[in-house]
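Report on the following structure.
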Amino acid sequence: MNLPFHIARRYLFAKKSTNVINVITGISVLGITIGTAALILILTVFNGLENLISGFFNSFNPPLKVSPVEGKSFYVDSVDLSALMSLEEVEAISQTLEELVLFEYDGIQEIGYLKGVDDQFAIVNTIDSIIRKGSFTLRSEAADFGVFGAAMANKLNLSLRKALTPVRVFAPARKSSFLGSKPYKSQFIYPSGTFSVQSEEDNKYAFSTLAFLQSLIGKRGQIGHLEIALKDDANINAAKSKIKNILGEAYTVKDQYEQDASFLRVMKIEKWLSYAIACFTLLLIAFNMVGALWMIVLEKQKDLSILRSLGMATNGIERIFILEGLLICAIGFIAGSLLALFIYFLQVQYGLVPIPPGSIIDTYPVLMKPFDFVLVLITVLAIGLLASILPAKRAGKIGAFYREIV
C-alpha cells in the first residue's frame, strides 16, 4: 500500500477539527472545477471556429493552387495541362485570373477584386455551399453576369431584383491606342447572386467569367492561377510533389491551409493566448489550495511528528501534501470536465450562447477533441503540483518532537 497516498486521501476527506479548513478546501475544488471547465470550453470554441472557417475556405480555396513565382499572370500555353490532367490524383483543373477593379452601381463606387473563372471552377470549388442569394450564374447568351461578396453587395447597394441595372466595371487600360484615349476600360456585368465566406473575402471579391476579365484588362490567353481538384482517395502531398515536378521551379503549389496560412496562424495565436490567460487565472485560483494545504499542515503537526518518530523520511511527508494537492486538482478536473461536457451538450442541442443577428450562423460553433482533455489535465496537475510545493516543504520541516503551543 502507498502510505503517503493513503494518508493524503484521509487528510482530504476526513472531517477537520476546524470547519474553516473544509470550507477553504471546498472553495479550492470549486475553483479548480470552474477553471478546468473554462480551459476546456475555450479550446472547444476555438476548435469550432477553426472548423467552421476551414469549411468556408474549403469552399473558396481549391485543394491545390498553382501560381507563378514571378509576376501576377502567365500564358496558359506555357504549362502542360494534359500532363497535369493525366495524373491519377487530379480530378479537374480550373483556370482563374484576378484583378483589382472599380465597381460602379447606381451611382455608388467601390474598389475590389474581380475573379474571372472558367466552367471547371464550380467543380474544383464547392461554390454552391457559400451562395447566399441568387445563383452562381456568370454567362448567358445575351450578357455577362457577376456574383458578389455579401459585404461588397451591401456597400454597392446591389439589388438582384433590378435585373436591368448592370454593374459597370473599370480597369486601367494597358495601352493607349491613340492620343486622347481614356486611361481606363469599362464593361458591364449584371448581378446574379451573392456569396459569403468570411469578412475579408466578402468585402472585396466578385466573380465573373474568365473571358470577361481577360477582355477587360487586355490579357487574352493569360491566367493568374491553376486551381486543381483532387480525387477523394488522393494523397495531397504526393499530388503536390508530382505537380511540382511537371511545372518546375517557376511555379508554386499550395494546399488549402497554405493559401490562408497567415489567417490560420493568427487564429492559433488567439487560441493559445486565450488559453494562457485562462491558465494564469487558474493559477491565481490555486492560491486558495495553498491556503487550505497550509492550514492542514498546521492542524496535523502532531500527526506528522508521530510519523517522523516512526521513521518516515522528509520526502515521504512532503509527498503526502503534494499528493493531497494533486487529489484536489484531480477532483476539480473530473468535476470541471463533466461541467464542460454539460455546457457543450446544451450549446450543441439548444444553442445556449447565440451569435448576434446578421451572422451566417445562429450560435457559436463548438468542437471537442480528446487531446483537449489531455492538455487540460496536464495543465491542471502542473498547477496543482506547483501550488503544493510550499506547504509540502513546510510539512517536511516538522521534527520528531512536537510540543503543542497553548
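Ordered as shown in the C-alpha cells, chains take letters A, B, and onward, while each chain numbers its residues from 1 and ligands are numbered from 1 in the order shown.
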Residues near range 374-388 of chain A, cut-off 10 Å, only C-alpha atoms, skip fewer than 3 positions along chain, as a ChimeraX atom specification
/A:32-33,35-40,43,275,279-280,282-291,293-294,318-330,332-334,337,369-371,391-393
Writer output for current selection, N, CA and C atoms, as a compact mmCIF listing (two decimals), in the first residue's frame:
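Writing done, so here's again-v3.txt:
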# COMPACT_ATOMS: atom_id res chain seq x y z
N ILE A 32 -10.96 25.04 -8.98
CA ILE A 32 -10.33 24.18 -9.98
C ILE A 32 -11.37 23.67 -10.97
N THR A 33 -12.58 23.36 -10.48
CA THR A 33 -13.66 22.89 -11.35
C THR A 33 -14.02 23.93 -12.40
N GLY A 35 -12.22 26.56 -13.31
CA GLY A 35 -11.07 26.81 -14.18
C GLY A 35 -10.89 25.74 -15.23
N THR A 36 -11.09 24.47 -14.84
CA THR A 36 -10.98 23.37 -15.79
C THR A 36 -12.03 23.47 -16.88
N ALA A 37 -13.28 23.74 -16.47
CA ALA A 37 -14.35 23.89 -17.46
C ALA A 37 -14.06 25.04 -18.42
N ALA A 38 -13.51 26.14 -17.88
CA ALA A 38 -13.19 27.29 -18.72
C ALA A 38 -12.11 26.94 -19.75
N LEU A 39 -11.07 26.24 -19.31
CA LEU A 39 -10.00 25.84 -20.24
C LEU A 39 -10.53 24.95 -21.35
N ILE A 40 -11.34 23.96 -20.99
CA ILE A 40 -11.87 23.04 -22.00
C ILE A 40 -12.78 23.78 -22.97
N LEU A 43 -10.87 25.95 -25.56
CA LEU A 43 -10.35 25.13 -26.65
C LEU A 43 -11.48 24.66 -27.56
N TYR A 275 -5.91 30.69 -23.99
CA TYR A 275 -5.64 29.56 -23.09
C TYR A 275 -4.64 29.96 -22.00
N CYS A 279 -5.12 29.98 -18.00
CA CYS A 279 -4.19 29.27 -17.11
C CYS A 279 -3.70 30.17 -16.00
N PHE A 280 -3.41 31.42 -16.34
CA PHE A 280 -2.96 32.37 -15.32
C PHE A 280 -4.06 32.60 -14.29
N LEU A 282 -6.38 30.44 -13.50
CA LEU A 282 -6.43 29.21 -12.71
C LEU A 282 -5.30 29.17 -11.68
N LEU A 283 -4.15 29.70 -12.05
CA LEU A 283 -3.02 29.75 -11.12
C LEU A 283 -3.35 30.64 -9.93
N LEU A 284 -4.05 31.75 -10.19
CA LEU A 284 -4.47 32.63 -9.08
C LEU A 284 -5.49 31.92 -8.19
N ILE A 285 -6.40 31.15 -8.82
CA ILE A 285 -7.38 30.39 -8.04
C ILE A 285 -6.68 29.37 -7.15
N ALA A 286 -5.55 28.84 -7.63
CA ALA A 286 -4.83 27.81 -6.88
C ALA A 286 -4.28 28.32 -5.56
N PHE A 287 -4.22 29.63 -5.37
CA PHE A 287 -3.75 30.16 -4.08
C PHE A 287 -4.69 29.76 -2.95
N ASN A 288 -5.98 29.54 -3.26
CA ASN A 288 -6.90 29.01 -2.25
C ASN A 288 -6.45 27.64 -1.79
N MET A 289 -5.97 26.83 -2.74
CA MET A 289 -5.49 25.50 -2.41
C MET A 289 -4.24 25.58 -1.54
N VAL A 290 -3.36 26.55 -1.82
CA VAL A 290 -2.17 26.73 -0.99
C VAL A 290 -2.58 27.01 0.45
N GLY A 291 -3.58 27.89 0.62
CA GLY A 291 -4.06 28.20 1.96
C GLY A 291 -4.64 26.99 2.66
N LEU A 293 -4.00 23.75 2.09
CA LEU A 293 -2.94 22.80 2.43
C LEU A 293 -2.11 23.31 3.61
N TRP A 294 -1.86 24.60 3.63
CA TRP A 294 -1.06 25.16 4.72
C TRP A 294 -1.77 24.98 6.06
N GLU A 318 6.64 15.09 2.66
CA GLU A 318 6.37 16.06 1.59
C GLU A 318 5.45 15.47 0.53
N ARG A 319 5.62 14.18 0.25
CA ARG A 319 4.77 13.53 -0.75
C ARG A 319 3.31 13.51 -0.33
N ILE A 320 3.05 13.43 0.99
CA ILE A 320 1.66 13.42 1.47
C ILE A 320 0.91 14.65 0.98
N PHE A 321 1.55 15.82 1.11
CA PHE A 321 0.85 17.06 0.79
C PHE A 321 0.91 17.37 -0.70
N ILE A 322 1.94 16.89 -1.38
CA ILE A 322 1.94 17.01 -2.84
C ILE A 322 0.81 16.16 -3.44
N LEU A 323 0.68 14.94 -2.91
CA LEU A 323 -0.40 14.08 -3.38
C LEU A 323 -1.77 14.65 -3.02
N GLU A 324 -1.88 15.29 -1.87
CA GLU A 324 -3.16 15.90 -1.49
C GLU A 324 -3.52 17.02 -2.45
N GLY A 325 -2.52 17.84 -2.83
CA GLY A 325 -2.77 18.89 -3.81
C GLY A 325 -3.19 18.32 -5.15
N LEU A 326 -2.53 17.23 -5.56
CA LEU A 326 -2.89 16.61 -6.83
C LEU A 326 -4.28 15.97 -6.77
N LEU A 327 -4.66 15.45 -5.60
CA LEU A 327 -6.01 14.90 -5.45
C LEU A 327 -7.06 15.99 -5.58
N ILE A 328 -6.82 17.13 -4.96
CA ILE A 328 -7.75 18.26 -5.09
C ILE A 328 -7.92 18.65 -6.56
N CYS A 329 -6.80 18.71 -7.27
CA CYS A 329 -6.84 19.07 -8.70
C CYS A 329 -7.53 17.99 -9.53
N ALA A 330 -7.29 16.73 -9.19
CA ALA A 330 -7.92 15.64 -9.93
C ALA A 330 -9.44 15.67 -9.76
N GLY A 332 -11.19 18.34 -9.00
CA GLY A 332 -11.64 19.52 -9.73
C GLY A 332 -11.66 19.29 -11.24
N PHE A 333 -10.67 18.55 -11.74
CA PHE A 333 -10.63 18.26 -13.18
C PHE A 333 -11.80 17.40 -13.60
N ILE A 334 -12.11 16.36 -12.82
CA ILE A 334 -13.23 15.48 -13.17
C ILE A 334 -14.54 16.26 -13.15
N SER A 337 -14.58 18.75 -16.07
CA SER A 337 -14.81 18.09 -17.35
C SER A 337 -16.29 17.76 -17.54
N LYS A 369 -12.32 17.87 -28.75
CA LYS A 369 -11.32 16.91 -29.19
C LYS A 369 -10.72 16.22 -27.97
N PRO A 370 -10.45 14.91 -28.05
CA PRO A 370 -9.88 14.19 -26.89
C PRO A 370 -8.56 14.80 -26.41
N PHE A 371 -7.75 15.32 -27.34
CA PHE A 371 -6.47 15.91 -26.94
C PHE A 371 -6.66 17.10 -26.00
N PRO A 391 3.58 24.26 0.88
CA PRO A 391 3.05 23.55 2.05
C PRO A 391 3.80 22.23 2.32
N ALA A 392 4.17 21.52 1.26
CA ALA A 392 4.88 20.26 1.43
C ALA A 392 6.25 20.49 2.06
N LYS A 393 6.96 21.53 1.62
CA LYS A 393 8.26 21.85 2.20
C LYS A 393 8.11 22.24 3.68
Please provide the set of residues having any atom within 9 Å of range 182-196 of chain A, restricted to only C-alpha atoms, with same-chain residues fewer than 5 positions apart removed, written as a ChimeraX atom specification.
/A:56,127-138,143-153,158-160,162-176,201-202,206,208,212,216-217,360
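Between Trp272 in chain A and the candidates A:Glu91, A:Ile246, A:Asn47, A:Leu3, the tightest atom-to-atom separation, counting only C-alpha atoms, involves A:Asn47.
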In Å, rounded to a single decimal, give me how far CA of Pro63 in chain A is from CA of Gln256 in chain A.
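CA of Pro63 in chain A lies 5.4 Å from CA of Gln256 in chain A.
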Which residue is closest to Ser94 in chain A? Choose from A:Ala261, A:Ile228, A:Val23, A:Ile389 and count only C-alpha atoms.
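Of all the options, A:Ile228 lies closest to Ser94 in chain A.
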Could you pull the residues within 7 Å of Phe46 in chain A, counting only C-alpha atoms, minus those fewer than 4 positions along the same chain, as an mmCIF file with C-alpha atoms, in the first residue's frame?
data_model
loop_
_atom_site.group_PDB
_atom_site.id
_atom_site.type_symbol
_atom_site.label_atom_id
_atom_site.label_comp_id
_atom_site.auth_asym_id
_atom_site.auth_seq_id
_atom_site.Cartn_x
_atom_site.Cartn_y
_atom_site.Cartn_z
ATOM 1 C CA ILE A 42 -12.000 27.889 -24.609
ATOM 2 C CA GLU A 50 -11.338 26.826 -36.877
ATOM 3 C CA LYS A 271 -6.412 30.456 -29.233
#
Using only C-alpha atoms, which of A:Met295, A:Val79, A:Ile53, A:Leu226 sits nearest Asn22 in chain A?
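Of all the options, A:Met295 lies closest to Asn22 in chain A.
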From a DSSP pass on the backbone, collect the residues of range 232-402 of chain A flagged as strand (DSSP E) and hand them back as an NGL selection string.
:A and (251-255)
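Nearest to Asp119 in chain A of all the residues A:Lys204, A:Arg139, A:Lys242, A:Lys397 is A:Arg139, based on only C-alpha atoms.
Closest approach to Gln214 in chain A among A:Gln347, A:Gln259, A:Asn315, A:Ser73: A:Ser73, based on only C-alpha atoms.
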Two-atom distance - CA of Val45 in chain A, CA of Val366 in chain A (Å):
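The value is 4.7 Å.
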Per DSSP on the backbone, what are the helix (DSSP H, G or I) residues of range 195-346 of chain A, as a PyMOL selection string?
chain A and resi 199-204+210-217+236-247+256-259+261-299+301-309+314-346
Between A:Lys268, A:Arg9, A:Lys244, A:Lys231, which one has atoms that come closest to Glu88 in chain A, using only C-alpha atoms?
A:Lys231
What does the distance from CA of Leu41 in chain A to CA of Ser28 in chain A come to in Å, to one decimal?
19.9 Å
Spatial neighbours of Tyr75 in chain A, 10 Å, only C-alpha atoms, chain gap at least 4 places, as a ChimeraX atom specification
/A:79,219-224
